[in-house]
$ cat model.tsv   # TSV, C-alpha atoms and all ligand atoms
chain	number	residue	atom	x	y	z
A	1	MET	CA	16.24	2.31	18.95
A	2	LYS	CA	12.68	1.03	19.25
A	3	HIS	CA	11.15	-0.58	16.18
A	4	LEU	CA	8.16	1.31	14.77
A	5	VAL	CA	6.28	-0.78	12.23
A	6	VAL	CA	3.83	1.14	10.02
A	7	LEU	CA	1.10	-0.53	7.98
A	8	THR	CA	-0.31	1.83	5.37
A	9	GLY	CA	-3.25	1.65	2.98
A	10	ALA	CA	-4.79	3.84	0.33
A	11	GLY	CA	-5.81	6.48	2.94
A	12	VAL	CA	-2.22	7.61	3.52
A	13	SER	CA	-2.05	8.77	-0.11
A	14	ALA	CA	-5.57	10.25	-0.29
A	15	GLU	CA	-4.33	13.76	0.52
A	16	SER	CA	-1.80	13.43	-2.30
A	17	GLY	CA	-4.79	13.22	-4.63
A	18	ILE	CA	-4.84	9.43	-5.14
A	19	LYS	CA	-8.31	8.13	-4.35
A	20	THR	CA	-9.03	5.16	-2.08
A	21	PHE	CA	-11.67	2.80	-3.37
A	22	ARG	CA	-13.81	1.83	-0.36
A	23	ASP	CA	-14.77	5.48	0.03
A	24	ALA	CA	-16.27	5.43	-3.47
A	25	GLY	CA	-18.54	2.46	-2.78
A	26	GLY	CA	-16.12	-0.27	-3.88
A	27	LEU	CA	-15.31	1.40	-7.17
A	28	TRP	CA	-11.71	2.28	-7.94
A	29	GLU	CA	-11.71	5.58	-9.88
A	30	GLY	CA	-15.12	4.60	-11.27
A	31	TYR	CA	-14.17	1.00	-12.20
A	32	ASP	CA	-15.42	-2.24	-10.68
A	33	VAL	CA	-12.26	-3.60	-9.03
A	34	MET	CA	-12.93	-7.13	-10.23
A	35	GLU	CA	-12.87	-5.88	-13.84
A	36	VAL	CA	-9.49	-4.16	-13.49
A	37	ALA	CA	-7.72	-5.88	-10.59
A	38	SER	CA	-8.31	-9.63	-10.88
A	39	PRO	CA	-7.00	-12.46	-13.09
A	40	ILE	CA	-10.57	-12.91	-14.38
A	41	GLY	CA	-10.75	-9.26	-15.43
A	42	TRP	CA	-7.36	-9.60	-17.17
A	43	ALA	CA	-8.47	-12.72	-19.06
A	44	LYS	CA	-11.70	-11.00	-20.10
A	45	ASN	CA	-10.39	-7.63	-21.23
A	46	PRO	CA	-6.62	-7.10	-20.92
A	47	LYS	CA	-6.70	-3.84	-22.87
A	48	LEU	CA	-9.10	-2.31	-20.33
A	49	VAL	CA	-6.81	-3.46	-17.49
A	50	LEU	CA	-3.70	-2.01	-19.18
A	51	ASP	CA	-5.52	1.25	-19.83
A	52	PHE	CA	-6.69	1.45	-16.20
A	53	TYR	CA	-3.13	1.06	-14.89
A	54	ASN	CA	-1.77	3.44	-17.55
A	55	GLN	CA	-4.11	6.07	-16.11
A	56	ARG	CA	-3.10	5.23	-12.52
A	57	ARG	CA	0.61	5.48	-13.47
A	58	LYS	CA	0.11	8.92	-15.08
A	59	GLN	CA	-1.83	10.12	-12.02
A	60	LEU	CA	0.92	8.85	-9.70
A	61	LEU	CA	3.67	10.61	-11.64
A	62	ALA	CA	1.77	13.88	-11.20
A	63	SER	CA	1.32	13.35	-7.42
A	64	LEU	CA	3.61	14.26	-4.53
A	65	PRO	CA	4.24	12.78	-1.07
A	66	ASN	CA	2.21	14.51	1.66
A	67	LEU	CA	2.97	15.42	5.28
A	68	ALA	CA	2.17	11.88	6.48
A	69	HIS	CA	4.72	10.28	4.11
A	70	LYS	CA	7.29	12.95	5.03
A	71	THR	CA	6.77	12.63	8.78
A	72	LEU	CA	7.29	8.85	8.57
A	73	LYS	CA	10.67	9.59	7.02
A	74	GLU	CA	11.46	12.07	9.83
A	75	LEU	CA	10.60	9.44	12.45
A	76	GLU	CA	13.67	7.46	11.27
A	77	LYS	CA	15.71	9.87	13.43
A	78	ARG	CA	14.01	8.44	16.54
A	79	PHE	CA	13.00	4.90	15.60
A	80	LYS	CA	13.98	2.02	13.44
A	81	VAL	CA	11.04	2.43	11.01
A	82	SER	CA	9.70	-0.37	8.80
A	83	ILE	CA	6.86	0.47	6.44
A	84	ILE	CA	4.62	-2.26	5.11
A	85	THR	CA	2.32	-0.79	2.50
A	86	GLN	CA	-0.69	-2.13	0.64
A	87	ASN	CA	-0.26	0.77	-1.75
A	88	VAL	CA	1.08	0.40	-5.24
A	89	ASP	CA	2.29	4.01	-5.37
A	90	ASP	CA	5.88	5.03	-4.60
A	91	LEU	CA	5.13	8.01	-2.35
A	92	HIS	CA	6.85	6.51	0.72
A	93	GLU	CA	10.01	6.01	-1.34
A	94	ARG	CA	9.81	9.53	-2.78
A	95	ALA	CA	9.47	10.93	0.77
A	96	GLY	CA	12.78	9.16	1.48
A	97	SER	CA	11.68	6.25	3.69
A	98	LYS	CA	14.39	3.59	3.71
A	99	ASN	CA	12.54	0.36	4.53
A	100	VAL	CA	9.41	-0.03	2.44
A	101	LEU	CA	7.84	-3.41	1.71
A	102	HIS	CA	5.08	-3.48	-0.92
A	103	LEU	CA	2.52	-6.18	-0.22
A	104	HIS	CA	0.46	-5.63	-3.36
A	105	GLY	CA	3.10	-4.75	-5.93
A	106	GLU	CA	4.20	-1.52	-7.54
A	107	LEU	CA	2.64	0.65	-10.20
A	108	LEU	CA	6.02	1.70	-11.61
A	109	LYS	CA	6.99	-1.89	-12.43
A	110	VAL	CA	5.71	-4.37	-15.00
A	111	ARG	CA	6.41	-8.03	-15.49
A	112	SER	CA	6.17	-10.86	-17.99
A	113	THR	CA	2.97	-12.89	-17.98
A	114	LYS	CA	5.16	-15.94	-18.60
A	115	ASN	CA	7.57	-15.43	-15.72
A	116	GLU	CA	6.64	-13.44	-12.62
A	117	LYS	CA	10.33	-12.95	-11.75
A	118	LEU	CA	11.01	-11.06	-15.00
A	119	ILE	CA	10.28	-7.56	-13.71
A	120	TYR	CA	11.05	-4.16	-15.27
A	121	GLU	CA	10.97	-0.58	-13.95
A	122	TRP	CA	8.30	1.21	-16.02
A	123	THR	CA	7.04	4.80	-16.20
A	124	LYS	CA	5.41	4.86	-19.68
A	125	ASP	CA	2.11	3.38	-20.85
A	126	VAL	CA	1.95	-0.38	-21.49
A	127	GLN	CA	0.24	-1.40	-24.72
A	128	TRP	CA	-1.25	-4.74	-25.69
A	129	GLY	CA	1.62	-6.30	-27.70
A	130	ASP	CA	4.44	-4.92	-25.48
A	131	LYS	CA	6.50	-8.02	-24.68
A	132	ALA	CA	9.15	-9.03	-22.15
A	133	GLU	CA	12.44	-10.65	-23.29
A	134	ASP	CA	10.85	-14.07	-22.98
A	135	GLY	CA	8.03	-13.08	-25.36
A	136	GLY	CA	5.42	-12.86	-22.60
A	137	GLN	CA	2.93	-9.97	-22.73
A	138	LEU	CA	3.79	-7.31	-20.13
A	139	ARG	CA	1.31	-6.88	-17.29
A	140	PRO	CA	1.32	-4.57	-14.26
A	141	HIS	CA	3.49	-5.81	-11.37
A	142	ILE	CA	0.45	-5.74	-9.10
A	143	VAL	CA	-0.98	-8.41	-6.82
A	144	TRP	CA	-4.57	-8.70	-8.00
A	145	PHE	CA	-7.52	-9.93	-5.96
A	146	GLY	CA	-7.35	-13.70	-5.81
A	147	GLU	CA	-3.55	-13.83	-6.32
A	148	ALA	CA	-1.03	-14.91	-3.69
A	149	VAL	CA	0.82	-12.25	-1.67
A	150	PRO	CA	4.47	-13.34	-1.82
A	151	ALA	CA	5.69	-10.66	0.63
A	152	MET	CA	3.30	-11.80	3.41
A	153	HIS	CA	5.81	-14.03	5.17
A	154	GLU	CA	8.44	-11.28	5.30
A	155	ALA	CA	5.80	-8.77	6.47
A	156	ALA	CA	4.67	-11.06	9.32
A	157	LYS	CA	8.30	-11.43	10.47
A	158	ILE	CA	8.66	-7.63	10.57
A	159	VAL	CA	5.48	-7.20	12.66
A	160	GLU	CA	6.71	-9.86	15.11
A	161	THR	CA	9.65	-7.61	16.00
A	162	ALA	CA	7.64	-4.39	16.45
A	163	ASP	CA	7.71	-2.34	19.63
A	164	LEU	CA	4.75	-0.35	18.38
A	165	LEU	CA	2.46	-0.62	15.36
A	166	LEU	CA	1.00	2.36	13.51
A	167	ILE	CA	-1.79	1.72	11.00
A	168	ILE	CA	-2.74	4.51	8.59
A	169	GLY	CA	-5.63	4.68	6.12
A	170	THR	CA	-6.61	1.09	5.57
A	171	SER	CA	-10.11	-0.33	5.85
A	172	MET	CA	-8.53	-3.61	7.07
A	173	GLN	CA	-10.83	-5.48	4.69
A	174	VAL	CA	-8.26	-6.85	2.27
A	175	TYR	CA	-6.81	-10.19	3.37
A	176	PRO	CA	-4.25	-11.49	4.12
A	177	ALA	CA	-2.83	-7.96	4.72
A	178	ALA	CA	-5.42	-7.22	7.42
A	179	SER	CA	-4.29	-10.27	9.43
A	180	LEU	CA	-0.80	-8.77	9.97
A	181	ILE	CA	-1.98	-7.16	13.21
A	182	ASP	CA	-2.27	-10.69	14.67
A	183	TYR	CA	1.53	-11.08	14.51
A	184	LEU	CA	2.13	-8.18	16.90
A	185	PRO	CA	3.56	-9.43	20.21
A	186	ASN	CA	1.09	-9.29	23.12
A	187	GLY	CA	0.87	-5.98	24.92
A	188	LYS	CA	2.58	-3.86	22.25
A	189	PRO	CA	0.61	-0.70	21.51
A	190	VAL	CA	-1.31	-0.10	18.27
A	191	TYR	CA	-2.14	3.37	16.90
A	192	ILE	CA	-4.66	3.76	14.10
A	193	ILE	CA	-5.02	6.93	12.05
A	194	ASP	CA	-8.19	6.93	9.94
A	195	PRO	CA	-11.19	9.26	9.77
A	196	LYS	CA	-13.38	6.11	9.94
A	197	LYS	CA	-12.79	3.35	12.47
A	198	PRO	CA	-11.82	0.16	10.58
A	199	ASN	CA	-13.73	-3.00	11.55
A	200	GLY	CA	-12.30	-5.79	13.63
A	201	VAL	CA	-9.30	-4.17	15.31
A	202	LEU	CA	-10.91	-2.78	18.43
A	203	GLN	CA	-8.90	-4.76	20.94
A	204	ASN	CA	-6.91	-3.58	23.95
A	205	HIS	CA	-3.87	-1.41	23.44
A	206	VAL	CA	-5.45	0.32	20.42
A	207	HIS	CA	-5.26	4.11	20.35
A	208	PHE	CA	-7.61	5.38	17.69
A	209	ILE	CA	-6.82	8.74	16.08
A	210	GLU	CA	-9.97	9.67	14.17
A	211	GLU	CA	-8.32	12.07	11.73
A	212	THR	CA	-6.94	12.19	8.19
A	213	ALA	CA	-3.37	11.02	7.65
A	214	CYS	CA	-1.81	14.50	7.49
A	215	LYS	CA	-3.50	15.75	10.67
A	216	GLY	CA	-3.34	12.42	12.48
A	217	ILE	CA	0.39	11.93	12.00
A	218	THR	CA	1.04	15.13	14.01
A	219	THR	CA	-1.33	13.90	16.74
A	220	PHE	CA	0.54	10.57	16.76
A	221	VAL	CA	3.92	12.30	17.17
A	222	ASP	CA	2.48	14.32	20.09
A	223	MET	CA	0.98	11.20	21.68
A	224	ILE	CA	4.19	9.18	21.65
A	225	GLY	CA	6.09	12.13	23.12
A	226	GLU	CA	9.59	11.07	24.12
A	227	LYS	CA	8.85	7.31	23.92
B	301	LIG	N1	-2.49	4.75	-3.39
B	301	LIG	C1	-2.58	3.47	-3.79
B	301	LIG	O1	-1.57	2.82	-4.07
B	301	LIG	C2	-3.94	2.81	-3.84
B	301	LIG	C3	-5.12	3.55	-4.02
B	301	LIG	C4	-6.36	2.85	-4.05
B	301	LIG	C5	-6.39	1.46	-3.90
B	301	LIG	N2	-5.23	0.78	-3.72
B	301	LIG	C6	-5.27	-0.69	-3.51
B	301	LIG	O2	-6.53	-1.02	-2.99
B	301	LIG	C7	-6.49	-1.90	-1.86
B	301	LIG	C8	-7.39	-1.22	-0.86
B	301	LIG	O3	-7.20	-1.49	0.48
B	301	LIG	P1	-6.94	-0.31	1.51
B	301	LIG	O4	-7.38	-0.78	2.85
B	301	LIG	O5	-5.55	0.20	1.31
B	301	LIG	O6	-7.86	0.88	1.04
B	301	LIG	P2	-9.40	1.06	1.16
B	301	LIG	O7	-9.78	1.92	0.00
B	301	LIG	O8	-10.10	-0.22	1.38
B	301	LIG	O9	-9.58	1.90	2.53
B	301	LIG	C9	-9.11	3.20	2.63
B	301	LIG	C10	-9.13	3.62	4.09
B	301	LIG	O10	-8.54	4.92	4.14
B	301	LIG	C11	-9.36	5.73	4.95
B	301	LIG	N3	-9.13	7.11	4.52
B	301	LIG	C12	-9.78	7.82	3.57
B	301	LIG	N4	-9.25	9.06	3.47
B	301	LIG	C13	-8.24	9.11	4.37
B	301	LIG	C14	-7.31	10.13	4.73
B	301	LIG	N5	-7.30	11.35	4.14
B	301	LIG	N6	-6.40	9.84	5.69
B	301	LIG	C15	-6.39	8.63	6.32
B	301	LIG	N7	-7.25	7.64	6.01
B	301	LIG	C16	-8.16	7.88	5.04
B	301	LIG	C17	-10.76	5.24	4.78
B	301	LIG	O11	-11.58	5.60	5.89
B	301	LIG	C18	-10.54	3.72	4.69
B	301	LIG	O12	-10.52	3.12	5.98
B	301	LIG	C19	-5.04	-2.02	-1.50
B	301	LIG	O13	-4.66	-3.32	-1.65
B	301	LIG	C20	-4.26	-1.16	-2.52
B	301	LIG	O14	-3.32	-1.93	-3.22
B	301	LIG	C21	-4.01	1.42	-3.70

$ encode --input "model.tsv" --output "structure tokens" --more "lines below"
Ligand SMILES: NC(=O)c1ccc[n+]([C@@H]2O[C@H](COP(=O)([O-])OP(=O)(O)OC[C@H]3O[C@@H](n4cnc5c(N)ncnc54)[C@H](O)[C@@H]3O)[C@@H](O)[C@H]2O)c1
Amino acid sequence: MKHLVVLTGAGVSAESGIKTFRDAGGLWEGYDVMEVASPIGWAKNPKLVLDFYNQRRKQLLASLPNLAHKTLKELEKRFKVSIITQNVDDLHERAGSKNVLHLHGELLKVRSTKNEKLIYEWTKDVQWGDKAEDGGQLRPHIVWFGEAVPAMHEAAKIVETADLLLIIGTSMQVYPAASLIDYLPNGKPVYIIDPKKPNGVLQNHVHFIEETACKGITTFVDMIGEK
């Protein structure tokens, strides 16, 4: 089976009702991202950060996978599919996809501020004062702006073995995630589904599908035909 590697961003979940943030002028659900998604924001006002992610978690639990998530699951019948997502939602998993790597963490997990390996599954709100077993305040298990991306090495290895790369709904502005395309072996085709052309990826072998995720995924399946 050929290896289809899929890199997804916030746009793949937009039609599930979860907003992207570039489309709203750099605000994430009305918040300045540096206030709610950076170590500086956390140091300044942790209660605001916890509240922001409590809202995001509630919104996620009320959302459902869309046709794009579901079609990626279906493609496992024809390809070895590896999904690398920048998203913190679990909609790929809920659609049934088997291989999902989260680059930027997961909304339904929290961890100790004292030990980043002490991670818990979490669906409720997190309050200031909720502690891990080691006494550390719980924080969202999210990679914030300015923090290292521990899954990058594994993600790069996956892209190196791709026969084709599909990119859905990412502005390709968040690094190092956006640099993953550079690990694709020479000559392997790239397909991009996004209503707006992302910057900096307009090289050869790129097939641009200028549509939303749900419409574009059907176009992609038609384009690859029997490949
Ligand atoms: N669902 C989520 O988990 C979620 C939501 C918002 C932000 N984030 C975080 O914000 C960061 C933002 O980077 P990013 O590049 O993923 O998002 P982004 O907000 O920077 O870019 C979103 C991209 O999706 C495109 N888009 C908008 N509607 C679309 C649709 N219906 N179908 C397909 N594409 C559509 C936009 O044109 C844009 O290129 C990520 O690291 C992520 O962790 C996550």

$ closest_atom_pairs --input "model.tsv" --of "chain A" --to "ligand LIG 301 (chain B)" --cutoff "6 Å" --atoms "only C-alpha atoms and all ligand atoms" --output "JSON lines"
{"residue": "A:Gly9", "atom": "CA", "partner": "B:LIG301", "partner_atom": "O5", "distance": 3.2}
{"residue": "A:Ala10", "atom": "CA", "partner": "B:LIG301", "partner_atom": "O5", "distance": 3.8}
{"residue": "A:Gly11", "atom": "CA", "partner": "B:LIG301", "partner_atom": "O10", "distance": 3.4}
{"residue": "A:Val12", "atom": "CA", "partner": "B:LIG301", "partner_atom": "C15", "distance": 5.1}
{"residue": "A:Ser13", "atom": "CA", "partner": "B:LIG301", "partner_atom": "N1", "distance": 5.2}
{"residue": "A:Ala14", "atom": "CA", "partner": "B:LIG301", "partner_atom": "N5", "distance": 4.9}
{"residue": "A:Glu15", "atom": "CA", "partner": "B:LIG301", "partner_atom": "N5", "distance": 5.3}
{"residue": "A:Ile18", "atom": "CA", "partner": "B:LIG301", "partner_atom": "N1", "distance": 5.5}
{"residue": "A:Lys19", "atom": "CA", "partner": "B:LIG301", "partner_atom": "C3", "distance": 5.6}
{"residue": "A:Thr20", "atom": "CA", "partner": "B:LIG301", "partner_atom": "O7", "distance": 3.9}
{"residue": "A:Phe21", "atom": "CA", "partner": "B:LIG301", "partner_atom": "O7", "distance": 4.0}
{"residue": "A:Arg22", "atom": "CA", "partner": "B:LIG301", "partner_atom": "O7", "distance": 4.0}
{"residue": "A:Gln86", "atom": "CA", "partner": "B:LIG301", "partner_atom": "O14", "distance": 4.7}
{"residue": "A:Asn87", "atom": "CA", "partner": "B:LIG301", "partner_atom": "O1", "distance": 3.4}
{"residue": "A:Val88", "atom": "CA", "partner": "B:LIG301", "partner_atom": "O1", "distance": 3.8}
{"residue": "A:Asp89", "atom": "CA", "partner": "B:LIG301", "partner_atom": "O1", "distance": 4.2}
{"residue": "A:His104", "atom": "CA", "partner": "B:LIG301", "partner_atom": "O14", "distance": 5.3}
{"residue": "A:Ile168", "atom": "CA", "partner": "B:LIG301", "partner_atom": "C15", "distance": 6.0}
{"residue": "A:Gly169", "atom": "CA", "partner": "B:LIG301", "partner_atom": "N7", "distance": 3.4}
{"residue": "A:Thr170", "atom": "CA", "partner": "B:LIG301", "partner_atom": "O4", "distance": 3.4}
{"residue": "A:Ser171", "atom": "CA", "partner": "B:LIG301", "partner_atom": "O12", "distance": 3.5}
{"residue": "A:Met172", "atom": "CA", "partner": "B:LIG301", "partner_atom": "O4", "distance": 5.2}
{"residue": "A:Val174", "atom": "CA", "partner": "B:LIG301", "partner_atom": "O3", "distance": 5.7}
{"residue": "A:Asp194", "atom": "CA", "partner": "B:LIG301", "partner_atom": "N7", "distance": 4.1}
{"residue": "A:Pro195", "atom": "CA", "partner": "B:LIG301", "partner_atom": "O11", "distance": 5.3}
{"residue": "A:Lys196", "atom": "CA", "partner": "B:LIG301", "partner_atom": "O11", "distance": 4.5}
{"residue": "A:Pro198", "atom": "CA", "partner": "B:LIG301", "partner_atom": "O12", "distance": 5.6}
{"residue": "A:Thr212", "atom": "CA", "partner": "B:LIG301", "partner_atom": "N6", "distance": 3.5}
{"residue": "A:Ala213", "atom": "CA", "partner": "B:LIG301", "partner_atom": "N6", "distance": 3.8}

$ residues_around --input "model.tsv" --residues "Tyr183 (chain A)" --least-positions-apart "5" --cutoff "12 Å" --atoms "only C-alpha atoms" --output "ChimeraX atom specification"
/A:5,152-165,176-178,188,190

$ closest_residue --input "model.tsv" --among "A:Leu27, A:Leu166, A:Met223, A:Leu64" --to "His3 (chain A)" --atoms "only C-alpha atoms"
A:Leu166

$ residues_around --input "model.tsv" --residues "Phe79 (chain A)" --least-positions-apart "6" --cutoff "7 Å" --atoms "only C-alpha atoms" --output "VMD selection string"
chain A and resid 1 to 4

$ atom_distance --input "model.tsv" --atom1 "CA of Tyr120 (chain A)" --atom2 "CA of Thr8 (chain A)"
24.3 Å

$ closest_residue --input "model.tsv" --among "A:Leu108, A:Leu67, A:Ile193, A:Ile167" --to "Ile142 (chain A)" --atoms "all atoms listed in the file"
A:Leu108

$ atom_distance --input "model.tsv" --atom1 "CA of Tyr53 (chain A)" --atom2 "CA of Val100 (chain A)"
21.4 Å

$ residues_around --input "model.tsv" --residues "Leu91 (chain A)" --least-positions-apart "5" --cutoff "10 Å" --atoms "all atoms listed in the file" --output "PyMOL selection string"
chain A and resi 12-13+16+60-61+63-66+69-70+96-97

$ residues_near_point --input "model.tsv" --point "(-11.1, 4.8, -11.3)" --cutoff "12 Å" --atoms "only C-alpha atoms" --output "list of chain:residue names"
A:Ile18, A:Lys19, A:Thr20, A:Phe21, A:Arg22, A:Asp23, A:Ala24, A:Gly25, A:Gly26, A:Leu27, A:Trp28, A:Glu29, A:Gly30, A:Tyr31, A:Asp32, A:Val33, A:Glu35, A:Val36, A:Ala37, A:Leu48, A:Val49, A:Asp51, A:Phe52, A:Tyr53, A:Asn54, A:Gln55, A:Arg56, A:Arg57, A:Gln59
